[in-house]
>>> print(open('model06.pdb').read())   # PDB, C-alpha atoms, pLDDT in the B column
ATOM      1  CA  MET A   1      46.043 275.748 163.790  1.00 75.00           C
ATOM      2  CA  GLN A   2      46.544 274.475 167.339  1.00 93.00           C
ATOM      3  CA  ILE A   3      50.140 273.664 168.221  1.00 94.00           C
ATOM      4  CA  GLU A   4      49.043 270.296 169.646  1.00 95.00           C
ATOM      5  CA  GLN A   5      47.739 269.395 166.164  1.00 96.00           C
ATOM      6  CA  VAL A   6      51.046 270.379 164.586  1.00 97.00           C
ATOM      7  CA  ILE A   7      52.982 268.240 167.096  1.00 97.00           C
ATOM      8  CA  GLU A   8      50.611 265.311 166.484  1.00 97.00           C
ATOM      9  CA  THR A   9      51.050 265.678 162.698  1.00 98.00           C
ATOM     10  CA  LEU A  10      54.845 265.637 163.091  1.00 98.00           C
ATOM     11  CA  LYS A  11      54.616 262.557 165.350  1.00 98.00           C
ATOM     12  CA  ASN A  12      52.568 260.797 162.654  1.00 98.00           C
ATOM     13  CA  ASP A  13      54.553 261.990 159.611  1.00 98.00           C
ATOM     14  CA  LEU A  14      58.192 261.732 160.623  1.00 98.00           C
ATOM     15  CA  PRO A  15      58.524 258.000 161.426  1.00 98.00           C
ATOM     16  CA  THR A  16      57.325 257.074 157.914  1.00 97.00           C
ATOM     17  CA  LEU A  17      58.961 259.866 155.884  1.00 96.00           C
ATOM     18  CA  PHE A  18      61.098 257.344 153.954  1.00 97.00           C
ATOM     19  CA  GLU A  19      57.973 255.366 152.976  1.00 96.00           C
ATOM     20  CA  LYS A  20      55.205 257.896 152.320  1.00 96.00           C
ATOM     21  CA  ASP A  21      54.718 261.607 151.877  1.00 97.00           C
ATOM     22  CA  ILE A  22      54.213 263.960 154.800  1.00 97.00           C
ATOM     23  CA  SER A  23      51.346 266.416 155.382  1.00 97.00           C
ATOM     24  CA  TYR A  24      52.188 269.861 154.056  1.00 97.00           C
ATOM     25  CA  ASP A  25      49.254 271.797 155.518  1.00 96.00           C
ATOM     26  CA  ILE A  26      51.188 272.594 158.729  1.00 98.00           C
ATOM     27  CA  TYR A  27      53.823 274.613 156.815  1.00 98.00           C
ATOM     28  CA  THR A  28      53.788 278.133 155.369  1.00 98.00           C
ATOM     29  CA  GLN A  29      54.211 278.643 151.615  1.00 98.00           C
ATOM     30  CA  ASP A  30      57.595 280.295 152.192  1.00 98.00           C
ATOM     31  CA  ILE A  31      58.981 277.696 154.629  1.00 98.00           C
ATOM     32  CA  TYR A  32      62.748 277.940 155.080  1.00 98.00           C
ATOM     33  CA  PHE A  33      64.702 274.673 155.411  1.00 98.00           C
ATOM     34  CA  ARG A  34      68.330 274.064 156.316  1.00 98.00           C
ATOM     35  CA  ASP A  35      70.351 270.978 157.157  1.00 97.00           C
ATOM     36  CA  PRO A  36      74.107 270.338 156.877  1.00 96.00           C
ATOM     37  CA  VAL A  37      73.881 269.806 153.085  1.00 94.00           C
ATOM     38  CA  ASN A  38      70.770 271.724 151.905  1.00 94.00           C
ATOM     39  CA  LYS A  39      69.342 275.207 152.263  1.00 96.00           C
ATOM     40  CA  PHE A  40      66.259 276.542 150.489  1.00 96.00           C
ATOM     41  CA  LYS A  41      62.929 278.302 150.802  1.00 98.00           C
ATOM     42  CA  TYR A  42      59.321 277.593 149.689  1.00 98.00           C
ATOM     43  CA  LYS A  43      56.952 274.696 150.041  1.00 97.00           C
ATOM     44  CA  PHE A  44      57.559 273.436 146.496  1.00 97.00           C
ATOM     45  CA  ASN A  45      61.247 272.817 147.325  1.00 97.00           C
ATOM     46  CA  TYR A  46      60.273 271.351 150.694  1.00 97.00           C
ATOM     47  CA  ARG A  47      58.103 268.807 148.875  1.00 97.00           C
ATOM     48  CA  ILE A  48      61.030 267.961 146.572  1.00 96.00           C
ATOM     49  CA  ILE A  49      63.398 267.254 149.471  1.00 95.00           C
ATOM     50  CA  PHE A  50      60.952 264.730 150.956  1.00 96.00           C
ATOM     51  CA  TRP A  51      60.359 263.128 147.552  1.00 97.00           C
ATOM     52  CA  THR A  52      64.155 262.892 147.131  1.00 96.00           C
ATOM     53  CA  LEU A  53      64.551 261.259 150.557  1.00 95.00           C
ATOM     54  CA  ARG A  54      61.987 258.591 149.661  1.00 97.00           C
ATOM     55  CA  PHE A  55      63.510 258.032 146.211  1.00 97.00           C
ATOM     56  CA  HIS A  56      67.051 257.641 147.549  1.00 95.00           C
ATOM     57  CA  ALA A  57      65.855 255.447 150.417  1.00 96.00           C
ATOM     58  CA  ARG A  58      64.310 252.986 147.941  1.00 95.00           C
ATOM     59  CA  LEU A  59      67.229 253.169 145.527  1.00 96.00           C
ATOM     60  CA  PHE A  60      70.197 252.913 147.878  1.00 94.00           C
ATOM     61  CA  PHE A  61      68.943 251.057 150.969  1.00 96.00           C
ATOM     62  CA  THR A  62      67.572 247.594 151.701  1.00 96.00           C
ATOM     63  CA  GLN A  63      66.411 248.911 155.087  1.00 97.00           C
ATOM     64  CA  ILE A  64      66.094 252.461 156.361  1.00 97.00           C
ATOM     65  CA  SER A  65      64.246 253.970 159.282  1.00 97.00           C
ATOM     66  CA  PHE A  66      63.641 257.317 160.877  1.00 97.00           C
ATOM     67  CA  ASP A  67      63.313 256.660 164.601  1.00 98.00           C
ATOM     68  CA  LEU A  68      61.476 259.534 166.246  1.00 98.00           C
ATOM     69  CA  HIS A  69      62.386 259.786 169.937  1.00 98.00           C
ATOM     70  CA  GLU A  70      60.378 262.808 171.030  1.00 98.00           C
ATOM     71  CA  VAL A  71      58.538 265.868 169.742  1.00 98.00           C
ATOM     72  CA  TYR A  72      57.629 268.728 172.064  1.00 97.00           C
ATOM     73  CA  GLN A  73      57.236 272.481 172.278  1.00 97.00           C
ATOM     74  CA  SER A  74      60.653 273.599 173.536  1.00 96.00           C
ATOM     75  CA  ALA A  75      60.048 277.372 173.538  1.00 95.00           C
ATOM     76  CA  GLU A  76      57.212 279.828 172.911  1.00 94.00           C
ATOM     77  CA  ASN A  77      57.336 279.483 169.123  1.00 96.00           C
ATOM     78  CA  THR A  78      59.540 276.387 168.716  1.00 98.00           C
ATOM     79  CA  ILE A  79      58.962 272.653 168.405  1.00 98.00           C
ATOM     80  CA  LEU A  80      61.882 270.274 168.862  1.00 98.00           C
ATOM     81  CA  ALA A  81      62.007 266.764 167.376  1.00 98.00           C
ATOM     82  CA  LYS A  82      64.823 264.361 168.301  1.00 98.00           C
ATOM     83  CA  TRP A  83      65.516 261.439 165.979  1.00 98.00           C
ATOM     84  CA  THR A  84      67.875 258.777 164.639  1.00 98.00           C
ATOM     85  CA  VAL A  85      68.348 257.630 161.042  1.00 97.00           C
ATOM     86  CA  ARG A  86      69.594 254.062 160.562  1.00 97.00           C
ATOM     87  CA  GLY A  87      69.821 251.946 157.469  1.00 96.00           C
ATOM     88  CA  VAL A  88      71.501 249.182 155.517  1.00 96.00           C
ATOM     89  CA  LEU A  89      73.026 250.191 152.202  1.00 94.00           C
ATOM     90  CA  ARG A  90      72.298 248.150 149.079  1.00 93.00           C
ATOM     91  CA  VAL A  91      75.908 246.950 148.651  1.00 92.00           C
ATOM     92  CA  PRO A  92      77.353 243.412 148.947  1.00 93.00           C
ATOM     93  CA  TRP A  93      78.976 244.200 152.321  1.00 92.00           C
ATOM     94  CA  LYS A  94      75.674 245.638 153.670  1.00 93.00           C
ATOM     95  CA  ALA A  95      77.203 248.830 155.041  1.00 93.00           C
ATOM     96  CA  LYS A  96      75.199 250.446 157.807  1.00 94.00           C
ATOM     97  CA  ILE A  97      74.362 254.108 158.216  1.00 93.00           C
ATOM     98  CA  PHE A  98      73.537 255.597 161.584  1.00 94.00           C
ATOM     99  CA  PHE A  99      73.296 259.168 162.852  1.00 97.00           C
ATOM    100  CA  ASN A 100      71.301 261.163 165.354  1.00 98.00           C
ATOM    101  CA  GLY A 101      69.852 264.586 164.898  1.00 98.00           C
ATOM    102  CA  TYR A 102      67.217 267.034 165.881  1.00 98.00           C
ATOM    103  CA  SER A 103      64.847 269.320 164.045  1.00 98.00           C
ATOM    104  CA  ASN A 104      63.948 272.795 165.247  1.00 98.00           C
ATOM    105  CA  TYR A 105      60.622 273.987 163.872  1.00 98.00           C
ATOM    106  CA  LYS A 106      59.616 277.637 164.299  1.00 98.00           C
ATOM    107  CA  PHE A 107      55.922 278.465 164.018  1.00 97.00           C
ATOM    108  CA  ASN A 108      54.037 281.705 163.507  1.00 96.00           C
ATOM    109  CA  GLN A 109      50.962 283.134 165.264  1.00 94.00           C
ATOM    110  CA  ASP A 110      48.720 280.998 163.013  1.00 95.00           C
ATOM    111  CA  GLY A 111      50.486 277.861 164.262  1.00 95.00           C
ATOM    112  CA  LEU A 112      52.103 277.167 160.876  1.00 97.00           C
ATOM    113  CA  ILE A 113      55.750 276.166 160.617  1.00 98.00           C
ATOM    114  CA  TYR A 114      57.830 278.749 158.736  1.00 98.00           C
ATOM    115  CA  GLU A 115      61.315 277.405 159.519  1.00 98.00           C
ATOM    116  CA  HIS A 116      62.795 273.895 159.802  1.00 98.00           C
ATOM    117  CA  ILE A 117      66.470 273.564 160.764  1.00 98.00           C
ATOM    118  CA  ASP A 118      68.074 270.134 161.121  1.00 98.00           C
ATOM    119  CA  THR A 119      71.237 269.491 163.109  1.00 98.00           C
ATOM    120  CA  TRP A 120      73.144 266.203 162.839  1.00 97.00           C
ATOM    121  CA  ASP A 121      75.490 264.671 165.419  1.00 97.00           C
ATOM    122  CA  ARG A 122      78.271 264.234 162.845  1.00 95.00           C
ATOM    123  CA  LYS A 123      79.469 265.867 159.649  1.00 95.00           C
ATOM    124  CA  PRO A 124      78.015 264.674 156.294  1.00 92.00           C
ATOM    125  CA  GLY A 125      81.415 263.304 155.206  1.00 91.00           C
ATOM    126  CA  LYS A 126      81.611 261.124 158.299  1.00 93.00           C
ATOM    127  CA  ILE A 127      78.110 259.788 157.577  1.00 91.00           C
ATOM    128  CA  LEU A 128      79.081 259.024 153.964  1.00 86.00           C
ATOM    129  CA  ARG A 129      82.226 257.202 155.109  1.00 89.00           C
ATOM    130  CA  GLN A 130      79.931 254.701 156.859  1.00 89.00           C
ATOM    131  CA  PHE A 131      79.045 253.447 153.354  1.00 84.00           C
ATOM    132  CA  LEU A 132      82.608 252.198 152.941  1.00 84.00           C
ATOM    133  CA  ASP A 133      82.768 250.320 156.253  1.00 76.00           C
ATOM    134  CA  LYS A 134      82.655 246.595 155.736  1.00 70.00           C
ATOM    135  CA  GLY A 135      80.615 244.982 158.483  1.00 55.00           C
ATOM    136  CA  GLU A 136      81.677 247.152 161.386  1.00 50.00           C
ATOM    137  CA  ASP A 137      78.979 247.783 163.978  1.00 49.00           C
ATOM    138  CA  ARG A 138      78.285 251.209 165.372  1.00 45.00           C
TER     139      ARG A 138
END
>>> encode(input="model06.pdb", output="structure tokens")
Amino acid sequence: MQIEQVIETLKNDLPTLFEKDISYDIYTQDIYFRDPVNKFKYKFNYRIIFWTLRFHARLFFTQISFDLHEVYQSAENTILAKWTVRGVLRVPWKAKIFFNGYSNYKFNQDGLIYEHIDTWDRKPGKILRQFLDKGEDR
């Protein structure tokens, strides 16, 4: 697969990941994923994490978005995606969630992604504490 196709797929998939499923044909069967709260291997588990994101987005948020800022090849076998997650929690005080992050995707000689590592700009506990804030803007 051409790396331009992979980048284009990511550009199309990521902004709507809370609303609809992504394309899995750009990933290897044994894809490794890690973020500050999850770590696993294999495409089956990768599918579950995206299903879980959509499920929780619908259950816990009145609004949620994944703002994709840029996606580009940052090294010989690496794609970098920079993004922001923002949302409004389904609570009477309409708590807001907001955090920035980036995804590092490593791809093999076939152009398939075999590793996806997410980094967030704050610790998970700090993100969760946003749920308790009553009407404070960020």
>>> closest_residue(input="model06.pdb", among="A:Val85, A:Ile48, A:Leu14, A:Val6", to="Phe98 in chain A", atoms="only C-alpha atoms")
A:Val85
>>> atom_distance(input="model06.pdb", atom1="CA of Ile22 in chain A", atom2="CA of Phe131 in chain A")
27.0 Å
>>> atom_distance(input="model06.pdb", atom1="CA of Thr62 in chain A", atom2="CA of Ile7 in chain A")
29.6 Å
>>> residues_around(input="model06.pdb", residues="Val91 in chain A", least_positions_apart="5", cutoff="10 Å", atoms="all atoms listed in the file", output="PyMOL selection string")
chain A and resi 60-62+96+131-132+134
>>> atom_distance(input="model06.pdb", atom1="CA of Arg90 in chain A", atom2="CA of Asp118 in chain A")
25.4 Å
>>> resolve_selection(input="model06.pdb", expression="the PyMOL selection byres ((chain A and resi 3) around 10)", output="MDAnalysis selection string")
chainID A and resid 1:2 4:9 26 72:73 77:79 107 109:113
>>> write_last_selection(input="model06.pdb", atoms="C-alpha atoms", output="mmCIF file, in the frame of the given file")
data_model
loop_
_atom_site.group_PDB
_atom_site.id
_atom_site.type_symbol
_atom_site.label_atom_id
_atom_site.label_comp_id
_atom_site.auth_asym_id
_atom_site.auth_seq_id
_atom_site.Cartn_x
_atom_site.Cartn_y
_atom_site.Cartn_z
ATOM 1 C CA MET A 1 46.043 275.748 163.790
ATOM 2 C CA GLN A 2 46.544 274.475 167.339
ATOM 3 C CA GLU A 4 49.043 270.296 169.646
ATOM 4 C CA GLN A 5 47.739 269.395 166.164
ATOM 5 C CA VAL A 6 51.046 270.379 164.586
ATOM 6 C CA ILE A 7 52.982 268.240 167.096
ATOM 7 C CA GLU A 8 50.611 265.311 166.484
ATOM 8 C CA THR A 9 51.050 265.678 162.698
ATOM 9 C CA ILE A 26 51.188 272.594 158.729
ATOM 10 C CA TYR A 72 57.629 268.728 172.064
ATOM 11 C CA GLN A 73 57.236 272.481 172.278
ATOM 12 C CA ASN A 77 57.336 279.483 169.123
ATOM 13 C CA THR A 78 59.540 276.387 168.716
ATOM 14 C CA ILE A 79 58.962 272.653 168.405
ATOM 15 C CA PHE A 107 55.922 278.465 164.018
ATOM 16 C CA GLN A 109 50.962 283.134 165.264
ATOM 17 C CA ASP A 110 48.720 280.998 163.013
ATOM 18 C CA GLY A 111 50.486 277.861 164.262
ATOM 19 C CA LEU A 112 52.103 277.167 160.876
ATOM 20 C CA ILE A 113 55.750 276.166 160.617
#
>>> axis_aligned_box(input="model06.pdb", around="range 117-121 of chain A", padding_each_side="4 Å", output="JSON")
{"center_x": 71.0, "center_y": 269.1, "center_z": 163.1, "size_x": 17.0, "size_y": 16.9, "size_z": 12.7}
>>> closest_residue(input="model06.pdb", among="A:Ile127, A:Leu17, A:Ala75, A:Leu80", to="Phe99 in chain A", atoms="all atoms listed in the file")
A:Ile127
>>> closest_residue(input="model06.pdb", among="A:Lys106, A:Lys94, A:Lys82, A:Arg122", to="Pro15 in chain A", atoms="only C-alpha atoms")
A:Lys82
>>> closest_residue(input="model06.pdb", among="A:Trp51, A:Asp121, A:Glu76, A:Ala95", to="Asn108 in chain A", atoms="only C-alpha atoms")
A:Glu76
>>> residues_around(input="model06.pdb", residues="Gln29 in chain A", least_positions_apart="5", cutoff="10 Å", atoms="only C-alpha atoms", output="PyMOL selection string")
chain A and resi 24+41-44+46+112-114
>>> resolve_selection(input="model06.pdb", expression="the PyMOL selection byres ((chain A and resi 103) around 7)", output="MDAnalysis selection string")
chainID A and resid 80:82 101:102 104:105 116:119
>>> closest_residue(input="model06.pdb", among="A:Gly87, A:Leu10, A:Lys123, A:Trp93", to="Arg58 in chain A", atoms="only C-alpha atoms")
A:Gly87
>>> closest_residue(input="model06.pdb", among="A:Leu68, A:Leu59, A:Ile97, A:Val37", to="Trp83 in chain A", atoms="all atoms listed in the file")
A:Leu68
>>> build_atoms(input="model06.pdb", residues="range 108-124 of chain A", atoms="N, CA and C atoms", output="PDB file, keeping the file's coordinate frame")
ATOM      1  N   ASN A 108      54.557 280.339 163.417  1.00 96.00           N
ATOM      2  CA  ASN A 108      54.037 281.705 163.507  1.00 96.00           C
ATOM      3  C   ASN A 108      52.777 281.758 164.378  1.00 96.00           C
ATOM      4  N   GLN A 109      52.149 282.949 164.423  1.00 94.00           N
ATOM      5  CA  GLN A 109      50.962 283.134 165.264  1.00 94.00           C
ATOM      6  C   GLN A 109      49.771 282.308 164.786  1.00 94.00           C
ATOM      7  N   ASP A 110      49.786 281.857 163.529  1.00 95.00           N
ATOM      8  CA  ASP A 110      48.720 280.998 163.013  1.00 95.00           C
ATOM      9  C   ASP A 110      48.985 279.525 163.311  1.00 95.00           C
ATOM     10  N   GLY A 111      50.137 279.241 163.940  1.00 95.00           N
ATOM     11  CA  GLY A 111      50.486 277.861 164.262  1.00 95.00           C
ATOM     12  C   GLY A 111      51.088 277.098 163.093  1.00 95.00           C
ATOM     13  N   LEU A 112      51.492 277.812 162.037  1.00 97.00           N
ATOM     14  CA  LEU A 112      52.103 277.167 160.876  1.00 97.00           C
ATOM     15  C   LEU A 112      53.623 277.253 160.973  1.00 97.00           C
ATOM     16  N   ILE A 113      54.289 276.209 160.564  1.00 98.00           N
ATOM     17  CA  ILE A 113      55.750 276.166 160.617  1.00 98.00           C
ATOM     18  C   ILE A 113      56.325 276.970 159.452  1.00 98.00           C
ATOM     19  N   TYR A 114      57.196 277.926 159.774  1.00 98.00           N
ATOM     20  CA  TYR A 114      57.830 278.749 158.736  1.00 98.00           C
ATOM     21  C   TYR A 114      59.326 278.492 158.628  1.00 98.00           C
ATOM     22  N   GLU A 115      59.887 277.692 159.561  1.00 98.00           N
ATOM     23  CA  GLU A 115      61.315 277.405 159.519  1.00 98.00           C
ATOM     24  C   GLU A 115      61.567 276.006 160.073  1.00 98.00           C
ATOM     25  N   HIS A 116      62.427 275.259 159.393  1.00 98.00           N
ATOM     26  CA  HIS A 116      62.795 273.895 159.802  1.00 98.00           C
ATOM     27  C   HIS A 116      64.307 273.782 159.645  1.00 98.00           C
ATOM     28  N   ILE A 117      65.002 273.659 160.774  1.00 98.00           N
ATOM     29  CA  ILE A 117      66.470 273.564 160.764  1.00 98.00           C
ATOM     30  C   ILE A 117      66.869 272.237 161.393  1.00 98.00           C
ATOM     31  N   ASP A 118      67.594 271.424 160.627  1.00 98.00           N
ATOM     32  CA  ASP A 118      68.074 270.134 161.121  1.00 98.00           C
ATOM     33  C   ASP A 118      69.534 270.240 161.529  1.00 98.00           C
ATOM     34  N   THR A 119      69.866 269.594 162.629  1.00 98.00           N
ATOM     35  CA  THR A 119      71.237 269.491 163.109  1.00 98.00           C
ATOM     36  C   THR A 119      71.555 268.007 163.252  1.00 98.00           C
ATOM     37  N   TRP A 120      72.719 267.604 162.767  1.00 97.00           N
ATOM     38  CA  TRP A 120      73.144 266.203 162.839  1.00 97.00           C
ATOM     39  C   TRP A 120      74.271 266.076 163.844  1.00 97.00           C
ATOM     40  N   ASP A 121      74.453 264.873 164.408  1.00 97.00           N
ATOM     41  CA  ASP A 121      75.490 264.671 165.419  1.00 97.00           C
ATOM     42  C   ASP A 121      76.873 264.415 164.825  1.00 97.00           C
ATOM     43  N   ARG A 122      76.970 264.379 163.508  1.00 95.00           N
ATOM     44  CA  ARG A 122      78.271 264.234 162.845  1.00 95.00           C
ATOM     45  C   ARG A 122      78.220 264.908 161.479  1.00 95.00           C
ATOM     46  N   LYS A 123      79.379 265.182 160.945  1.00 95.00           N
ATOM     47  CA  LYS A 123      79.469 265.867 159.649  1.00 95.00           C
ATOM     48  C   LYS A 123      79.019 264.936 158.517  1.00 95.00           C
ATOM     49  N   PRO A 124      78.470 265.500 157.420  1.00 92.00           N
ATOM     50  CA  PRO A 124      78.015 264.674 156.294  1.00 92.00           C
ATOM     51  C   PRO A 124      79.085 263.720 155.767  1.00 92.00           C
TER      52      PRO A 124
END
